[in-house]
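Peer 1: So here's coords.txt (compact mmCIF, C-alpha atoms).
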# COMPACT_ATOMS: atom_id res chain seq x y z
CA MET A 5 17.19 -42.59 19.45
CA LEU A 6 17.05 -41.11 15.94
CA VAL A 7 16.25 -43.28 12.94
CA THR A 8 19.74 -42.50 11.62
CA ASP A 9 21.22 -44.07 14.77
CA LEU A 10 19.99 -47.48 13.62
CA SER A 11 21.95 -49.73 11.28
CA ASN A 12 20.92 -49.92 7.64
CA SER A 13 19.60 -53.46 8.11
CA ALA A 14 17.54 -52.38 11.14
CA GLN A 15 16.07 -49.52 9.12
CA ASP A 16 15.25 -51.93 6.29
CA TYR A 17 13.56 -54.42 8.60
CA LEU A 18 11.41 -51.78 10.28
CA LYS A 19 10.34 -50.22 6.98
CA LEU A 20 9.54 -53.61 5.49
CA ILE A 21 7.48 -54.72 8.50
CA TRP A 22 5.42 -51.54 8.28
CA THR A 23 4.90 -51.46 4.51
CA ALA A 24 4.11 -55.18 4.30
CA THR A 25 0.99 -54.66 6.39
CA GLU A 26 0.05 -51.24 5.01
CA TRP A 27 -2.16 -52.69 2.26
CA SER A 28 -2.57 -56.23 3.57
CA ALA A 29 -4.00 -57.76 6.72
CA THR A 30 -1.64 -60.74 6.49
CA PRO A 31 0.85 -60.71 9.41
CA ILE A 32 4.51 -60.67 8.47
CA THR A 33 6.83 -63.43 9.63
CA VAL A 34 10.56 -64.17 9.61
CA SER A 35 10.20 -66.38 6.54
CA SER A 36 8.24 -63.76 4.60
CA ILE A 37 10.83 -61.08 5.41
CA ALA A 38 13.59 -63.46 4.30
CA GLY A 39 11.79 -64.04 1.02
CA ARG A 40 11.32 -60.33 0.36
CA LEU A 41 14.94 -59.45 1.18
CA GLY A 42 16.50 -62.52 -0.42
CA VAL A 43 18.37 -63.62 2.71
CA ARG A 44 18.29 -66.74 4.90
CA PRO A 45 15.68 -66.95 7.69
CA PRO A 46 18.34 -67.34 10.44
CA THR A 47 19.81 -63.99 9.34
CA VAL A 48 16.42 -62.33 9.66
CA SER A 49 15.77 -64.05 12.97
CA ASP A 50 18.98 -62.61 14.40
CA GLY A 51 18.07 -59.14 13.15
CA ILE A 52 14.57 -59.34 14.66
CA LYS A 53 16.03 -60.44 18.01
CA LYS A 54 18.22 -57.33 18.03
CA LEU A 55 15.22 -55.12 17.25
CA ALA A 56 13.24 -56.80 20.03
CA ALA A 57 16.09 -56.14 22.45
CA GLN A 58 15.85 -52.45 21.51
CA ASN A 59 12.08 -52.53 22.14
CA LEU A 60 11.34 -51.81 18.49
CA VAL A 61 9.39 -55.00 17.70
CA THR A 62 7.60 -57.82 19.46
CA HIS A 63 7.96 -61.35 18.16
CA ALA A 64 6.54 -64.58 19.53
CA PRO A 65 8.58 -67.68 18.49
CA TYR A 66 7.36 -68.89 15.08
CA GLY A 67 4.71 -66.17 15.17
CA SER A 68 4.11 -62.82 13.52
CA ILE A 69 6.23 -59.73 14.04
CA GLU A 70 4.70 -56.47 15.19
CA LEU A 71 6.13 -53.00 15.65
CA THR A 72 6.11 -51.34 19.05
CA ALA A 73 5.13 -47.66 19.26
CA GLU A 74 8.82 -46.74 19.10
CA GLY A 75 9.43 -49.13 16.23
CA ARG A 76 6.50 -47.72 14.30
CA LYS A 77 7.88 -44.20 14.72
CA HIS A 78 11.19 -45.22 13.17
CA ALA A 79 9.51 -47.27 10.44
CA VAL A 80 7.25 -44.39 9.37
CA ALA A 81 10.26 -42.05 9.33
CA MET A 82 11.99 -44.40 6.89
CA VAL A 83 8.86 -44.70 4.76
CA ARG A 84 8.68 -40.90 4.60
CA ARG A 85 12.32 -40.70 3.49
CA HIS A 86 11.84 -43.39 0.85
CA ARG A 87 8.68 -41.95 -0.69
CA LEU A 88 9.91 -38.36 -0.69
CA LEU A 89 13.09 -39.49 -2.43
CA GLU A 90 11.09 -41.41 -5.03
CA THR A 91 8.95 -38.34 -5.67
CA PHE A 92 12.00 -36.09 -5.92
CA LEU A 93 13.72 -38.43 -8.38
CA VAL A 94 10.66 -38.47 -10.65
CA GLN A 95 9.57 -34.83 -10.41
CA SER A 96 12.94 -33.08 -10.22
CA LEU A 97 15.46 -35.43 -11.84
CA GLY A 98 13.35 -37.00 -14.58
CA TYR A 99 13.53 -40.62 -13.45
CA GLY A 100 10.84 -43.03 -14.57
CA TRP A 101 8.57 -44.38 -11.85
CA ASP A 102 9.95 -47.85 -12.61
CA GLU A 103 13.52 -46.71 -11.81
CA VAL A 104 13.19 -44.99 -8.45
CA HIS A 105 12.62 -47.76 -5.92
CA GLU A 106 16.17 -49.14 -5.96
CA GLU A 107 17.71 -45.64 -6.03
CA ALA A 108 15.61 -44.58 -3.03
CA GLU A 109 16.58 -47.78 -1.18
CA ILE A 110 20.21 -46.64 -1.34
CA LEU A 111 19.69 -42.92 -0.74
CA GLU A 112 17.32 -43.26 2.23
CA HIS A 113 20.17 -44.47 4.44
CA ALA A 114 22.55 -41.67 3.47
CA VAL A 115 20.55 -38.44 3.46
CA SER A 116 20.14 -36.24 6.53
CA ASP A 117 16.85 -35.21 8.11
CA LYS A 118 17.64 -31.65 7.02
CA LEU A 119 17.93 -32.67 3.37
CA ILE A 120 14.69 -34.65 3.56
CA GLU A 121 12.85 -31.60 4.87
CA ARG A 122 14.40 -29.40 2.15
CA ILE A 123 13.23 -31.91 -0.46
CA ASP A 124 9.75 -31.86 1.08
CA GLN A 125 9.66 -28.05 0.88
CA CYS A 126 11.04 -28.02 -2.66
CA LEU A 127 8.31 -30.42 -3.81
CA GLY A 128 5.53 -28.44 -2.13
CA HIS A 129 4.84 -31.00 0.61
CA PRO A 130 3.47 -33.84 -1.56
CA THR A 131 1.03 -36.25 0.08
CA ARG A 132 1.74 -39.29 -2.10
CA ASP A 133 4.58 -40.74 -4.13
CA PRO A 134 4.60 -41.52 -7.89
CA HIS A 135 2.95 -44.90 -7.26
CA GLY A 136 0.11 -43.45 -5.20
CA ASP A 137 1.44 -44.50 -1.79
CA PRO A 138 0.81 -41.88 0.93
CA ILE A 139 3.79 -39.90 2.24
CA PRO A 140 3.70 -39.56 6.05
CA SER A 141 3.95 -36.07 7.52
CA PRO A 142 7.01 -35.03 9.57
CA GLY A 143 5.02 -36.02 12.67
CA GLY A 144 4.26 -39.48 11.32
CA GLN A 145 0.63 -38.90 10.36
CA GLN A 146 -0.73 -39.89 6.98
CA HIS A 147 -3.97 -40.07 5.12
CA GLN A 148 -4.49 -43.71 4.26
CA PRO A 149 -6.58 -43.76 1.10
CA THR A 150 -9.29 -46.35 0.70
CA GLY A 151 -8.80 -48.79 -2.09
CA THR A 152 -9.66 -52.22 -3.42
CA GLN A 153 -7.51 -54.38 -5.62
CA LEU A 154 -8.71 -54.25 -9.20
CA SER A 155 -8.84 -58.05 -9.25
CA VAL A 156 -11.75 -58.06 -6.79
CA ALA A 157 -13.45 -54.75 -7.64
CA GLU A 158 -17.01 -55.01 -8.89
CA ALA A 159 -17.43 -55.78 -12.57
CA GLY A 160 -19.43 -53.14 -14.41
CA SER A 161 -18.23 -50.33 -12.16
CA THR A 162 -16.26 -47.22 -13.08
CA VAL A 163 -13.22 -46.64 -10.88
CA THR A 164 -10.16 -44.46 -10.46
CA VAL A 165 -6.71 -45.90 -9.89
CA THR A 166 -5.48 -44.81 -6.48
CA ARG A 167 -2.31 -46.85 -6.06
CA ILE A 168 -0.05 -49.20 -8.05
CA SER A 169 2.44 -51.53 -6.40
CA ASP A 170 6.08 -50.71 -7.18
CA ALA A 171 7.31 -54.25 -6.47
CA ASP A 172 7.91 -55.11 -10.15
CA PRO A 173 9.63 -52.49 -12.37
CA GLU A 174 8.84 -54.48 -15.50
CA LEU A 175 5.15 -54.41 -14.64
CA LEU A 176 5.35 -50.64 -14.11
CA ARG A 177 6.85 -50.24 -17.59
CA TYR A 178 3.97 -52.31 -18.99
CA PHE A 179 1.45 -50.08 -17.22
CA THR A 180 3.18 -47.02 -18.68
CA GLU A 181 2.67 -48.43 -22.18
CA LEU A 182 -1.02 -48.97 -21.41
CA GLY A 183 -1.47 -45.51 -19.88
CA LEU A 184 -2.27 -46.91 -16.43
CA THR A 185 -1.08 -44.62 -13.63
CA PRO A 186 -2.57 -43.25 -10.40
CA ASP A 187 -5.67 -41.10 -11.15
CA THR A 188 -6.44 -43.00 -14.36
CA GLN A 189 -10.17 -43.61 -14.69
CA LEU A 190 -11.40 -46.88 -16.15
CA SER A 191 -14.39 -49.17 -16.33
CA ILE A 192 -14.24 -52.82 -15.33
CA GLN A 193 -15.82 -54.83 -18.11
CA GLU A 194 -15.63 -58.31 -16.59
CA HIS A 195 -13.64 -60.76 -14.48
CA ARG A 196 -12.91 -64.12 -16.07
CA ARG A 197 -12.05 -66.13 -12.98
CA PHE A 198 -11.08 -69.38 -14.64
CA ALA A 199 -8.82 -67.57 -17.10
CA ASP A 200 -7.42 -65.26 -14.37
CA LEU A 201 -8.17 -62.25 -16.54
CA THR A 202 -9.75 -58.88 -15.80
CA THR A 203 -10.99 -56.88 -18.78
CA ILE A 204 -10.93 -53.09 -18.46
CA ARG A 205 -11.41 -50.06 -20.68
CA LEU A 206 -9.60 -46.79 -20.01
CA ARG A 207 -11.64 -43.61 -20.09
CA GLY A 208 -11.68 -42.09 -23.57
CA GLN A 209 -10.58 -45.30 -25.28
CA GLU A 210 -12.62 -47.76 -27.30
CA GLN A 211 -10.43 -50.83 -27.00
CA ASN A 212 -10.60 -53.24 -24.08
CA ILE A 213 -7.49 -54.36 -22.22
CA ASP A 214 -7.06 -57.81 -20.66
CA LEU A 215 -4.96 -57.89 -17.51
CA GLY A 216 -3.60 -61.06 -15.94
CA ALA A 217 -3.82 -61.81 -12.24
CA SER A 218 -0.42 -60.34 -11.33
CA ALA A 219 -1.30 -57.07 -13.08
CA SER A 220 -4.83 -56.67 -11.69
CA GLU A 221 -3.64 -57.53 -8.17
CA ALA A 222 -0.99 -54.77 -8.35
CA ILE A 223 -3.59 -52.03 -8.93
CA TRP A 224 -5.79 -50.48 -6.23
CA VAL A 225 -8.91 -48.58 -7.25
CA VAL A 226 -11.76 -46.56 -5.73
CA ALA A 227 -15.26 -46.24 -7.12
CA VAL A 228 -16.05 -43.01 -8.95
So that I can check it, write out the structure of this file as structure tokens.
Peer 2:
Amino acid sequence: MLVTDLSNSAQDYLKLIWTATEWSATPITVSSIAGRLGVRPPTVSDGIKKLAAQNLVTHAPYGSIELTAEGRKHAVAMVRRHRLLETFLVQSLGYGWDEVHEEAEILEHAVSDKLIERIDQCLGHPTRDPHGDPIPSPGGQQHQPTGTQLSVAEAGSTVTVTRISDADPELLRYFTELGLTPDTQLSIQEHRRFADLTTIRLRGQEQNIDLGASASEAIWVVAV
């Protein structure tokens, strides 16, 4: 079975199950999928049952959902499509990194495998998308970068941004204004736990920046 043989909703479910646990150890459930997709839990439950019948997922009643080896293969193929399309839209068509997620969500179901490989060649085989997420190879392998959320990284350390969540376009626009993108180097001045603030200073700048919890939790960093 090719990934393009699956329905759009099946492709969405598989990709979401995989990406939800890519940077988090929290298992994904029917209710969490429903919340992310904005649909009712019974709708998701029916979709998961169909995927289980195709041997693409395993799901214990009221428990977490896990991909089978076959399901993972299809999920990673969709992730590759999505992230290559995001990269193409930014690098070749001039989209902002805050604009590409929704466009890629639509295009990933329509493009052929041949076009995806042509895009990959045209871009020079990129290894990560504009947000820092790794792009799987045609065979499904990927280099998973190490990273810690800025909100829990050690105060006083100097770090490099390795990945920024693309879940909130408005937050991405805010980061653009601040000059915060993957590969940005910064120092962590302090964490103010009771105020839910993290104070940082970008390399080459003299002014500190205070980030709220939602912003600091959306940024992954590695020590320099």
Peer 1: Counting all atoms listed in the file, which of A:Ser49, A:Ser68, A:Asn59, A:Thr166 gets nearest to Ile32 in chain A?
Peer 2: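 The shortest atom-to-atom distance to Ile32 in chain A comes from A:Ser68.
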Peer 1: Contacts of Met82 in chain A at 10 Å or less, counting only C-alpha atoms, minus same-chain residues fewer than 2 places along, as a ChimeraX atom specification?
Peer 2: /A:7-8,15-16,18-20,22,76-80,84-88,109,112-113,140
Peer 1: Considering all atoms listed in the file, can you say which of A:Thr131, A:Thr203, A:Ser11, A:Ser96 comes closest to Leu55 in chain A?
Peer 2: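 With all atoms listed in the file as the atom set, the closest residue is A:Ser11.
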Peer 1: I'd like the contact shell of Val226 in chain A - 6 Å cut-off, only C-alpha atoms, skipping same-chain residues fewer than 4 positions apart - returned as a PyMOL selection string.
Peer 2: chain A and resi 151+163-164
Peer 1: Quick one: residues within 12 Å of Ile120 in chain A, only C-alpha atoms counted, chain neighbours fewer than 3 positions away excluded, as number ranges by chain?
Peer 2: A: 81-92, 108, 111-117, 123-127, 129, 141-142
Peer 1: Identify which of the residues A:Thr162, A:Asn212, A:Thr150, A:Thr202 lies closest to Trp224 in chain A, counting all atoms listed in the file when measuring atom-to-atom distances.
Peer 2: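 Of A:Thr162, A:Asn212, A:Thr150, A:Thr202, the one nearest Trp224 in chain A, counting all atoms listed in the file, is A:Thr150.
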Peer 1: Set the distance at 10 Å and use all atoms listed in the file: which residues neighbour Ser35 in chain A once local chain neighbours fewer than 5 positions away are removed? I'd like the list as a ChimeraX atom specification.
Peer 2: /A:40-41,43-46,48-49,66,68
Peer 1: Against range 186-193 of chain A, which residues of range 87-156 of chain A fall within 10 Å? For each one I want the closest pair of atoms and the distance in Å (one decimal), counting all atoms listed in the file, rows by chain and increasing residue number, as a tab-separated table.
Peer 2:
residue	atom	partner	partner_atom	distance
A:Asp133	CA	A:Pro186	CA	9.8
A:Pro134	CA	A:Pro186	CA	7.8
A:His135	CA	A:Pro186	CA	6.6
A:Gly136	CA	A:Pro186	CA	5.9
A:Asp137	CA	A:Pro186	CA	9.6
A:Leu154	CA	A:Ile192	CA	8.4
A:Ser155	CA	A:Ile192	CA	9.7
Peer 1: So the first atom is CA of Leu93 in chain A and the second is CA of Pro149 in chain A; what is the distance between them in Å, to one decimal place?
Peer 2: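 Distance between the two atoms: 23.0 Å.
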Peer 1: Considering only C-alpha atoms, state which residue in the set A:Gln211, A:Thr23, A:Ser161, A:Thr180 is at the smallest distance from Glu194 in chain A.
Peer 2: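 Nearest to Glu194 in chain A: A:Ser161.
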Peer 1: Between A:Gln95, A:Asp9, A:Thr30, A:Val228, which is the closest to Ile69 in chain A once you count all atoms listed in the file?
Peer 2: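 The shortest atom-to-atom distance to Ile69 in chain A comes from A:Thr30.
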Peer 1: Got a minute to add N, CA and C atoms to range 32-50 of chain A and dump it as an mmCIF file, in the frame of the given file?
Peer 2:
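This went into selection.cif:
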data_model
loop_
_atom_site.group_PDB
_atom_site.id
_atom_site.type_symbol
_atom_site.label_atom_id
_atom_site.label_comp_id
_atom_site.auth_asym_id
_atom_site.auth_seq_id
_atom_site.Cartn_x
_atom_site.Cartn_y
_atom_site.Cartn_z
ATOM 1 N N ILE A 32 3.209 -60.371 9.062
ATOM 2 C CA ILE A 32 4.510 -60.670 8.470
ATOM 3 C C ILE A 32 5.315 -61.536 9.417
ATOM 4 N N THR A 33 6.053 -62.478 8.856
ATOM 5 C CA THR A 33 6.830 -63.430 9.630
ATOM 6 C C THR A 33 8.294 -63.387 9.208
ATOM 7 N N VAL A 34 9.132 -64.100 9.952
ATOM 8 C CA VAL A 34 10.560 -64.170 9.610
ATOM 9 C C VAL A 34 10.751 -64.712 8.201
ATOM 10 N N SER A 35 10.030 -65.782 7.865
ATOM 11 C CA SER A 35 10.200 -66.380 6.540
ATOM 12 C C SER A 35 9.761 -65.448 5.425
ATOM 13 N N SER A 36 8.686 -64.677 5.646
ATOM 14 C CA SER A 36 8.240 -63.760 4.600
ATOM 15 C C SER A 36 9.217 -62.604 4.428
ATOM 16 N N ILE A 37 9.808 -62.121 5.523
ATOM 17 C CA ILE A 37 10.830 -61.080 5.410
ATOM 18 C C ILE A 37 12.036 -61.619 4.653
ATOM 19 N N ALA A 38 12.444 -62.852 4.979
ATOM 20 C CA ALA A 38 13.590 -63.460 4.300
ATOM 21 C C ALA A 38 13.348 -63.555 2.800
ATOM 22 N N GLY A 39 12.119 -63.935 2.434
ATOM 23 C CA GLY A 39 11.790 -64.040 1.020
ATOM 24 C C GLY A 39 11.830 -62.707 0.311
ATOM 25 N N ARG A 40 11.350 -61.668 0.969
ATOM 26 C CA ARG A 40 11.320 -60.330 0.360
ATOM 27 C C ARG A 40 12.728 -59.754 0.213
ATOM 28 N N LEU A 41 13.590 -60.022 1.197
ATOM 29 C CA LEU A 41 14.940 -59.450 1.180
ATOM 30 C C LEU A 41 15.960 -60.351 0.496
ATOM 31 N N GLY A 42 15.589 -61.592 0.228
ATOM 32 C CA GLY A 42 16.500 -62.520 -0.420
ATOM 33 C C GLY A 42 17.635 -62.977 0.469
ATOM 34 N N VAL A 43 17.357 -63.141 1.758
ATOM 35 C CA VAL A 43 18.370 -63.620 2.710
ATOM 36 C C VAL A 43 17.826 -64.851 3.418
ATOM 37 N N ARG A 44 18.690 -65.519 4.200
ATOM 38 C CA ARG A 44 18.290 -66.740 4.900
ATOM 39 C C ARG A 44 17.473 -66.389 6.146
ATOM 40 N N PRO A 45 16.479 -67.203 6.489
ATOM 41 C CA PRO A 45 15.680 -66.950 7.690
ATOM 42 C C PRO A 45 16.485 -66.774 8.971
ATOM 43 N N PRO A 46 17.566 -67.566 9.207
ATOM 44 C CA PRO A 46 18.340 -67.340 10.440
ATOM 45 C C PRO A 46 18.931 -65.927 10.512
ATOM 46 N N THR A 47 19.288 -65.362 9.369
ATOM 47 C CA THR A 47 19.810 -63.990 9.340
ATOM 48 C C THR A 47 18.740 -63.007 9.779
ATOM 49 N N VAL A 48 17.531 -63.190 9.266
ATOM 50 C CA VAL A 48 16.420 -62.330 9.660
ATOM 51 C C VAL A 48 16.088 -62.523 11.129
ATOM 52 N N SER A 49 16.083 -63.760 11.572
ATOM 53 C CA SER A 49 15.770 -64.050 12.970
ATOM 54 C C SER A 49 16.721 -63.332 13.916
ATOM 55 N N ASP A 50 18.000 -63.320 13.575
ATOM 56 C CA ASP A 50 18.980 -62.610 14.400
ATOM 57 C C ASP A 50 18.696 -61.110 14.407
#
